[in-house]
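In what follows, a single structure is set out as structure tokens and then discussed.
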Amino acid sequence: MSSVETQLVLLWLAVSFCFLATVCFFSALSFKKEQLQNYGVTCAHIAILPMAAALVLRWIQTGHVPSIGAYEVYTIYAGGVLLFYNVIQFWKPKVTIAGTVVLPVVTLMTGIGVMSSTELTELPKTYFTYWLGIHMLFATLALGGVLVAAGLSIAYLIKGRQEAGGRVNPLLEKLPDLDRLDYMGHRITLFAFLMIGIMIASGAVWAYKSWGRYWGWDPIETWSLISWLVYGLYLHLRLTGIKGKLASWLHIAVIAVVVFSFYGAPYLYPTIHDRFVDANSIYLQGSD
């Protein structure tokens, strides 16, 4: 079995466990069984093992961090987000419910990755810098924070609605009270905001080393900045007193902008990044 075939087997195994985790999370909410949620967490923990092994094999095969083409980009970001969720869930078990949002996204990203071309592509000279790794690291942390925060905001809205109706799902009832849930989501949002800022800054340094300029108003750069500013506006509004249900809905709207900057902008606008990644690739550089 070749290295690529082994990678695909491992990644499909990871997809299977992520899918099982997704089923478990949604089934837990539907059937009000906490044990099913625990099974989902276990599947998420297991999924990271074959995914990490596949990425290491790809790294060895290519001689560089997986960072070019849809196959590498989708899978490394999916693996990073899954690792982020596993770590934060272990550290703060109360955010476990966010897996209802995180796991479906990871499943989709990994699935698209393994269905993309595995053809080896020569790494452009602009990628031979550690700033690329730094940039991708903070992009992954930002995306992980955004998805976990989205899960908590959705949980807040659902729990608040059920409490108003007098019947709360037992799983949601075990979550912290609404004020605490709102606070947790806010803290993770602040973390994501900081990560996006560092992602943009490190991308600017990489752009200077690659193209001789820190900023060129490329569509990817512009949308990265827009998403960061929108996130900043949301956090400012929080400081002025906007909380609760209104803040959660506003947060979801902000997350939609951030997700578009990661996934939508690269497809809709011509960008300098197309010189280095295939047309099917997702948002690789984030802000460079």
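A note on labels: chains of the structure tokens are A, B, ... as shown, every chain counts residues from 1, and ligands are counted from 1 in their shown order.
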
Identify, with DSSP run on backbone atoms, the residues in segment 40-265 of chain A assigned to helix (DSSP H, G or I), and express the list as a PyMOL selection string. chain A and resi 40-62+69-91+93-114+125-127+130-165+170-173+178-211+219-239+244-265

Can you tell me, as a PyMOL selection string, what residues are no more than 8 Å from segment 29-43 of chain A when counting only C-alpha atoms, ignoring any on the same chain fewer than 3 positions away? chain A and resi 17-18+20-26+46-47+96+99+169-171

Using only C-alpha atoms, please write the residues we just selected to a file, as a compact mmCIF listing (two decimals), in the first residue's frame.
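Ended up saving to part_7.txt:
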# COMPACT_ATOMS: atom_id res chain seq x y z
CA PHE A 17 -15.44 8.59 13.65
CA CYS A 18 -16.26 12.28 13.17
CA LEU A 20 -20.32 8.92 14.38
CA ALA A 21 -19.54 11.71 16.82
CA THR A 22 -21.92 14.01 14.94
CA VAL A 23 -24.68 11.39 15.05
CA CYS A 24 -24.10 10.87 18.76
CA PHE A 25 -24.26 14.60 19.55
CA PHE A 26 -27.50 15.13 17.66
CA ILE A 46 -10.43 8.65 18.63
CA ALA A 47 -10.78 10.51 15.31
CA THR A 96 -18.80 19.78 25.27
CA GLY A 99 -19.31 19.54 19.49
CA ASN A 169 -33.85 19.45 27.45
CA PRO A 170 -32.06 17.59 30.28
CA LEU A 171 -28.71 17.95 28.49

So the first atom is atom CA of Leu172 of chain A and the second is atom CA of Lys159 of chain A; what is the distance between them in Å, to one decimal place? 6.1 Å

When you look at segment 139-142 of chain A with a cut-off of 12 Å (counting only C-alpha atoms), what residues show up, excluding the ones that are within fewer than 5 positions of it in the same chain? I need them as a ChimeraX atom specification. /A:73-85,87-88,106,132-134,147-149,188-203,224,227-228,231,255,258-259,261-262,283-288

Closest of A:Pro176, A:Gly232, A:Gly166, A:Gly160 to His251 of chain A - atom-to-atom distances counting only C-alpha atoms: A:Gly232

Could you name the residues that touch Ile242 of chain A at 12 Å or less, counting only C-alpha atoms, but leaving out those on the same chain fewer than 6 positions away, as a ChimeraX atom specification? /A:182,186,233-236,248-251

So, with only C-alpha atoms as the atoms that count, which of A:Leu239, A:Leu246, A:Val95, A:Ala204 lies closest to Lys174 of chain A?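 Nearest candidate to Lys174 of chain A out of A:Leu239, A:Leu246, A:Val95, A:Ala204: A:Val95.
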
Which one is closest to Glu173 of chain A: A:Arg58, A:Ala247, A:Asp218, A:Lys94? Count only C-alpha atoms.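 Ranking A:Arg58, A:Ala247, A:Asp218, A:Lys94 by distance to Glu173 of chain A, first place goes to A:Lys94.
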
Out of A:Ala164, A:Leu237, A:Gly144, A:Ser16, which residue has the shortest atom-to-atom distance to Gln89 of chain A when counting only C-alpha atoms?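 Ranked by minimum distance to Gln89 of chain A, first place goes to A:Gly144.
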
Residue nearest Tyr183 of chain A - candidates A:Leu152, A:Val146, A:Val168, A:Leu11, atoms counted: only C-alpha atoms: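 Distance minimum relative to Tyr183 of chain A lands on A:Leu152.
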
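One distance worth recording is that between atom CA of Leu175 of chain A and atom CA of Arg238 of chain A, which is 22.0 Å.
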